[in-house]
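The structure under discussion appears below in the form of structure tokens.
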Amino acid sequence: MKPNLVGAFACLAILASPAAAQSLSVIDRDATAQFAAQRQNPDGGFAAEPGGPSSLGATTAAVRVLRYTTGSIPDVLACLDFVRSCFDPESGGFAQTPGGAADVGSTASGFMALSELRIENEELLRRASEYLSIHAESFPEVRIAIAGFEAVGRPSPKAQEWTRELLDSRNDDGTWGEGPSLAFDTGGTAAALLRMDHALDRREVVINAILAGQQADGGWTQGEGGTDLSASYRVMRAAYMLGVAPDLDALRGFVAECRREDGGYAPSPQQNDATLGGTYMATILLRWADQLEGLPPVIETAGFIPMFNGRDLTGWEGDDTLWSVRDGMLVGLSPGLERNEFLATEDRFGDFYFRCTFRLVDGEGNSGIQFRSERTAGHEMIGYQADIGENYWGCLYDESRRNRVLETASDRARASVRLDGWNQYVIRAMGNQIRLSLNSVPSVDYLETDQEIPQTGRIAVQLHSGDPMEIHFKDLLVQPLPRPITNGDSKKPGFHLRRLRTEQGARYSVFVPDGYDGVQKFPVVLFLHGAGERGDDGVVPSQVGLGPSIASNPSGHPYLAVFPQARETWSAASPDGERAMAILDEVISDFAVDTSRIVLTGLSMGGMGTWSLATTYPDRFSALVPICGPGEPAQVESIRTIPTWGFVGDEDRAPFVAGMREMARSLKDIGAPVRYTEYRGVGHNSWDRAYAEPELVEWMLKPRRITP
């Protein structure tokens with residue numbers, strides 16, 4: 001056993017947490033996203049109230065709420081058009097509505113919308129910058145103008161002048177304002193200076209004013225009145241930029257008091273009705289609170305299964321005098337142990353993708369996360385361990401077997417550790433390859449060469465022998481990955497590895513659904529993987545994207561799924577593209593297939609391949625689902641009759657977002673049956689979200705090509 005280590009990984013409570021001062025649960029997050037989404041109008045803009053007139057301010061607030069809750073804009077293309085239409089070409093500024101009069105606040109809001117929606121237009125930015133520089137005069141105007149410039153990453157032409165004016169207005173002690181408004185004025189002005197990259201002097205004075213201004217209920221006040229979200233937002237922006245954490249649990253409790261049954265937030269606890277502005281301020285306050293503690297902005301749950309319910313130890317076994325649940329967290333508390341103790345899952349896992357959030361209290365102690373492990377005599381476990389603790393952070397250890405570090409963590413991963421806050425671990429085990437990452441930094445990439453080492457087992461968290469210590473876990477999620485088999489009848493339900501009956505003999509996988517009997521004809525979904533899954537083993541393509549979605553709920557996927565593997569590219573003219581079509585033909589020949597329902601989908605490189613194969617073989621497919629991979633807009637006419645649903649995360653790389661938008665708009669312009677979804681705040685991995693869409697399977701399998 002390694003010296004002085006404690007094993008633990010974070011558990012994710014998906015359901016609403018029993019603690020009042022918590023981050024948003026998935027259920028609450030989705031309700032808040034819906035609160036904002038339902039305010040979009042047919043013109044693409046958003047209204048302050050459902051059914052009301054669209055405005056630029058409401059649109060900017062709504063799209064931000066959707067980012068902080070990883071929702072999606074119902075009609076993103078129309079939203080882009082609405083924002084552009086609010087630009088006033090005569091003045092160079094933005095107005096609240098198309099054709100309205102420009103003003104400073106609206107122009108700053110326009111800047112924020114351009115940034116949020118990744119609209120690139122250099123001429124528009126130049127002219128709007130000139131407008132703000134000329135027209136922003138009062139402090140409220142200057143403050144909002146500075147926010148606009150920051151949003152688009154442009155320095156204000158009047159930054160030096162504005163900085164000088166703000167510094168000239170401060171008190172002798174380095175604060176701003178006085179009396180009950182001291183924290184509000186100090187925070188607002190300090191934030192404006194920080195946004196202009198001013199190196200704020202007398203930081204401690206500013207920090208003390210901010211901390212002292214937090215009221216008993218966790219919020220801040222503008223002056224003589226009560227606490228509200230607007231004042232709290234103003235002050236907390238400065239705290240966040242300074243990296244200062246006030247009483248965050250109290251702040252979360254204050255925000256919770258503003259939440260209403262419709263998923264929105266009222267501007268203050270005393271007001272009855274939720275507003276879009278209040279909801280925006282509440283969601284960003286919760287986001288800042290999480291980030292100040294080292295928590296990820298949003299826990300992505302799509303495609304994953306919660307391993308911990310946040311209420312009790314259901315699904316786990318171990319010593320419940322050492323392991324307990326507190327405030328939605330899994331807590332390991334050691335009074336000082338003579339031997340290691342483990343809390344283990346009752347379920348077993350083979351290939352999987354696992355992640356969690358954890359906190360070593362006071363940064364002291366040692367721990368780890370067991371996986372592909374088994375109980376041995378007594379309380380010990382044998383198997384791999386992702387390490388936690390001094391000198392072992394991010395390492396891969398072999399517990400009670402080889403009793404040594406198999407691979408040391410990367411320097412970057414070790415440097416990412418927050419000793420006094422939350423950290424995130426990711427474990428990916430696929431066949432004999434194990435990859436660990438710590439706080440989104442790659443830590444270990446290990447290839448097991450001993451074929452006798454088991455590739456299945458339990459997951460567990462550890463309390464190591466030694467001094468007293470405490471560790472907390474939350475956000476514990478697992479995505480079981482399918483592993484196609486080669487033995488047995490390949491036409492029985494499950495994932496099977498096959499070889500193409502040609503001189504190439506390429507390996508590929510097939511998923512056979514429940515109820516398949518060789519008589520009833522089933523639809524087929526052809527899946528094209530991304531660049532990271534290239535090779536020739538025939539297994540890996542089924543372990544990313546569509547395959548895990550199927551594995552999590554096989555009965556919910558009543559179709560044959562085909563997983564070819566590319567060596568280089570999915571271009572239709574390439575050997576890989578031609579082989580994919582040959583594999584599809586072989587499946588159609590070998591299985592009972594409904595040839596009127598053949599769906600083509602793919603992610604990243606496979607998304608590009610979806611467009612390429614579809615435009616080359618347009619008569620073969622009944623529906624298309626390209627994900628985060630653009631195509632050639634000039635070729636969309638050939639697929640104008642095929643229902644298409646495209647997906648991308650709006651924080652993906654610019655060419656992917658712009659390219660997917662262009663493909664969707666090109667199809668829309670020729671009257672094609674196209675749906676298009678951008679997930680706000682999601683990066684390149686938009687496929688877990690896409691394949692988890694509740695409507696997707698039914699949509700894919702309903703044959704409805706339109707008549708040319």
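Every chain in the structure tokens takes a letter, A first, then B, and so on in the order presented; its residues are numbered from 1, and the ligands are numbered from 1 following the presented order.
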
Spatial neighbours of range 539-555 of chain A, max dist 8 Å, only C-alpha atoms, sep filter under 2 positions, as a ChimeraX atom specification: /A:303,305,479-484,497,508-509,513-514,527-529,533-534,537,557-558,563-565,603,687-688,691-692

Write out as a list in words the set of residues from range 97-229 of chain A that DSSP, computed on the backbone, places in strand (DSSP E). Trp220, Thr221, Thr227 and Asp228 of chain A

For the residues in that selection, give me C-alpha atoms as a PDB file, in the first residue's frame.
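As a result, part-v7.pdb now contains:
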```
ATOM      1  CA  TRP A 220     -25.667  43.551  -0.760  1.00  0.00           C
ATOM      2  CA  THR A 221     -27.617  46.775  -0.788  1.00  0.00           C
ATOM      3  CA  THR A 227     -30.623  43.793  -0.400  1.00  0.00           C
ATOM      4  CA  ASP A 228     -31.297  42.952  -4.038  1.00  0.00           C
TER       5      ASP A 228
END
```

Of the residues A:Glu695, A:Asp619, A:Glu364, A:Glu341, which is the one nearest to Thr376 in chain A, using only C-alpha atoms? A:Glu341

Could you pull the residues within 9 Å of range 656-673 of chain A, counting only C-alpha atoms, minus those fewer than 2 positions along the same chain, as a CSV table (one decimal) with C-alpha atoms, in the first residue's frame?
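The result, written out as around-v1.csv:
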```
chain,number,residue,atom,x,y,z
A,76,VAL,CA,-30.6,30.9,-33.2
A,77,LEU,CA,-30.5,32.0,-36.8
A,118,ARG,CA,-20.1,35.2,-31.9
A,604,SER,CA,-16.7,16.4,-35.8
A,626,PRO,CA,-24.5,16.2,-38.5
A,627,ILE,CA,-22.9,17.2,-35.3
A,628,CYS,CA,-20.1,19.9,-34.9
A,629,GLY,CA,-18.8,19.3,-38.5
A,630,PRO,CA,-19.5,21.8,-41.3
A,631,GLY,CA,-20.0,20.9,-45.0
A,632,GLU,CA,-20.1,22.7,-48.4
A,633,PRO,CA,-23.0,25.1,-48.6
A,634,ALA,CA,-22.8,25.1,-52.4
A,636,VAL,CA,-27.0,21.6,-50.2
A,637,GLU,CA,-29.4,21.6,-53.2
A,639,ILE,CA,-30.1,17.2,-50.1
A,640,ARG,CA,-32.9,19.7,-49.9
A,641,THR,CA,-35.5,16.9,-49.6
A,642,ILE,CA,-33.8,15.1,-46.7
A,643,PRO,CA,-34.8,16.1,-43.1
A,644,THR,CA,-31.7,17.4,-41.3
A,645,TRP,CA,-31.1,18.2,-37.7
A,646,GLY,CA,-27.7,19.8,-37.1
A,647,PHE,CA,-26.0,20.4,-33.7
A,648,VAL,CA,-23.0,22.3,-32.4
A,649,GLY,CA,-21.8,23.9,-29.1
A,650,ASP,CA,-21.5,27.7,-29.5
A,651,GLU,CA,-18.2,27.6,-27.6
A,652,ASP,CA,-16.7,25.3,-30.2
A,653,ARG,CA,-13.9,26.6,-32.4
A,654,ALA,CA,-15.0,29.4,-34.7
A,675,ARG,CA,-33.7,21.9,-37.7
A,676,TYR,CA,-30.6,23.5,-36.0
A,678,GLU,CA,-26.7,25.4,-30.8
A,684,HIS,CA,-16.6,20.7,-29.1
A,705,ARG,CA,-38.5,13.1,-47.1
A,706,ILE,CA,-40.3,16.1,-48.7
```

Report as a ChimeraX atom specification all protein, DNA and RNA residues lying within 12 Å of Arg164 in chain A, evaluated on only C-alpha atoms, omitting residues in the same chain fewer than 3 positions from it. /A:158-161,167-170,189,192-193,196,198

Kindly save the residues from that selection, with N, CA, C and O atoms included, as a tab-separated table (two decimals), in the first residue's frame.
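Everything below was put into result-v7.tsv:
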```
chain	number	residue	atom	x	y	z
A	158	LYS	N	-11.19	55.80	-25.05
A	158	LYS	CA	-11.15	56.80	-23.97
A	158	LYS	C	-10.80	56.17	-22.63
A	158	LYS	O	-11.11	56.71	-21.57
A	159	ALA	N	-10.16	55.03	-22.65
A	159	ALA	CA	-9.85	54.31	-21.42
A	159	ALA	C	-9.02	55.15	-20.46
A	159	ALA	O	-9.29	55.19	-19.25
A	160	GLN	N	-8.01	55.83	-20.97
A	160	GLN	CA	-7.17	56.64	-20.08
A	160	GLN	C	-7.96	57.77	-19.45
A	160	GLN	O	-7.85	58.04	-18.24
A	161	GLU	N	-8.80	58.42	-20.23
A	161	GLU	CA	-9.61	59.52	-19.71
A	161	GLU	C	-10.60	59.02	-18.66
A	161	GLU	O	-10.74	59.61	-17.58
A	167	LEU	N	-10.61	57.47	-10.93
A	167	LEU	CA	-9.64	57.56	-9.83
A	167	LEU	C	-9.76	58.89	-9.09
A	167	LEU	O	-9.58	58.95	-7.86
A	168	ASP	N	-10.08	59.94	-9.81
A	168	ASP	CA	-10.22	61.25	-9.17
A	168	ASP	C	-11.42	61.31	-8.24
A	168	ASP	O	-11.47	62.17	-7.34
A	169	SER	N	-12.38	60.40	-8.43
A	169	SER	CA	-13.60	60.46	-7.63
A	169	SER	C	-13.53	59.61	-6.36
A	169	SER	O	-14.49	59.58	-5.59
A	170	ARG	N	-12.42	58.95	-6.11
A	170	ARG	CA	-12.38	58.05	-4.95
A	170	ARG	C	-12.06	58.82	-3.67
A	170	ARG	O	-11.54	59.94	-3.68
A	189	THR	N	-17.29	50.79	-9.05
A	189	THR	CA	-16.21	51.57	-9.65
A	189	THR	C	-14.95	50.73	-9.82
A	189	THR	O	-14.26	50.82	-10.84
A	192	ALA	N	-15.27	48.60	-12.86
A	192	ALA	CA	-15.08	49.36	-14.10
A	192	ALA	C	-13.59	49.55	-14.39
A	192	ALA	O	-13.13	49.42	-15.53
A	193	LEU	N	-12.81	49.85	-13.36
A	193	LEU	CA	-11.37	50.03	-13.55
A	193	LEU	C	-10.70	48.72	-13.93
A	193	LEU	O	-9.84	48.68	-14.82
A	196	MET	N	-10.97	47.78	-17.46
A	196	MET	CA	-10.09	48.52	-18.37
A	196	MET	C	-8.63	48.15	-18.13
A	196	MET	O	-7.72	48.88	-18.55
A	198	HIS	N	-6.90	48.22	-15.48
A	198	HIS	CA	-6.17	49.09	-14.56
A	198	HIS	C	-5.66	48.28	-13.39
A	198	HIS	O	-6.39	47.49	-12.79
```

Find, counting only C-alpha atoms, the residue in A:Thr345, A:Thr175, A:Ser230, A:Gln504 that gets nearest to Asn208 in chain A. A:Thr175

With a distance cut-off of 12 Å and only C-alpha atoms, select the neighbouring residues of Arg501 in chain A, excluding the residue or stretch itself and same-chain residues fewer than 6 positions from it, and output the selection as a ChimeraX atom specification. /A:507-508,579,582-587,589-590

Output the selection as a PDB file, in the first residue's frame - C-alpha atoms for each residue.
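out.pdb written:
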```
ATOM      1  CA  ARG A 507     -13.526  -4.448 -38.850  1.00  0.00           C
ATOM      2  CA  TYR A 508     -16.682  -2.619 -37.819  1.00  0.00           C
ATOM      3  CA  ARG A 579     -15.708   1.466 -47.260  1.00  0.00           C
ATOM      4  CA  ALA A 582     -19.770  -0.986 -48.477  1.00  0.00           C
ATOM      5  CA  ILE A 583     -20.260  -1.799 -44.789  1.00  0.00           C
ATOM      6  CA  LEU A 584     -23.734  -0.270 -44.914  1.00  0.00           C
ATOM      7  CA  ASP A 585     -24.555  -2.431 -47.940  1.00  0.00           C
ATOM      8  CA  GLU A 586     -23.307  -5.537 -46.150  1.00  0.00           C
ATOM      9  CA  VAL A 587     -25.528  -4.846 -43.133  1.00  0.00           C
ATOM     10  CA  SER A 589     -27.731  -7.647 -47.067  1.00  0.00           C
ATOM     11  CA  ASP A 590     -27.239  -9.577 -43.809  1.00  0.00           C
TER      12      ASP A 590
END
```
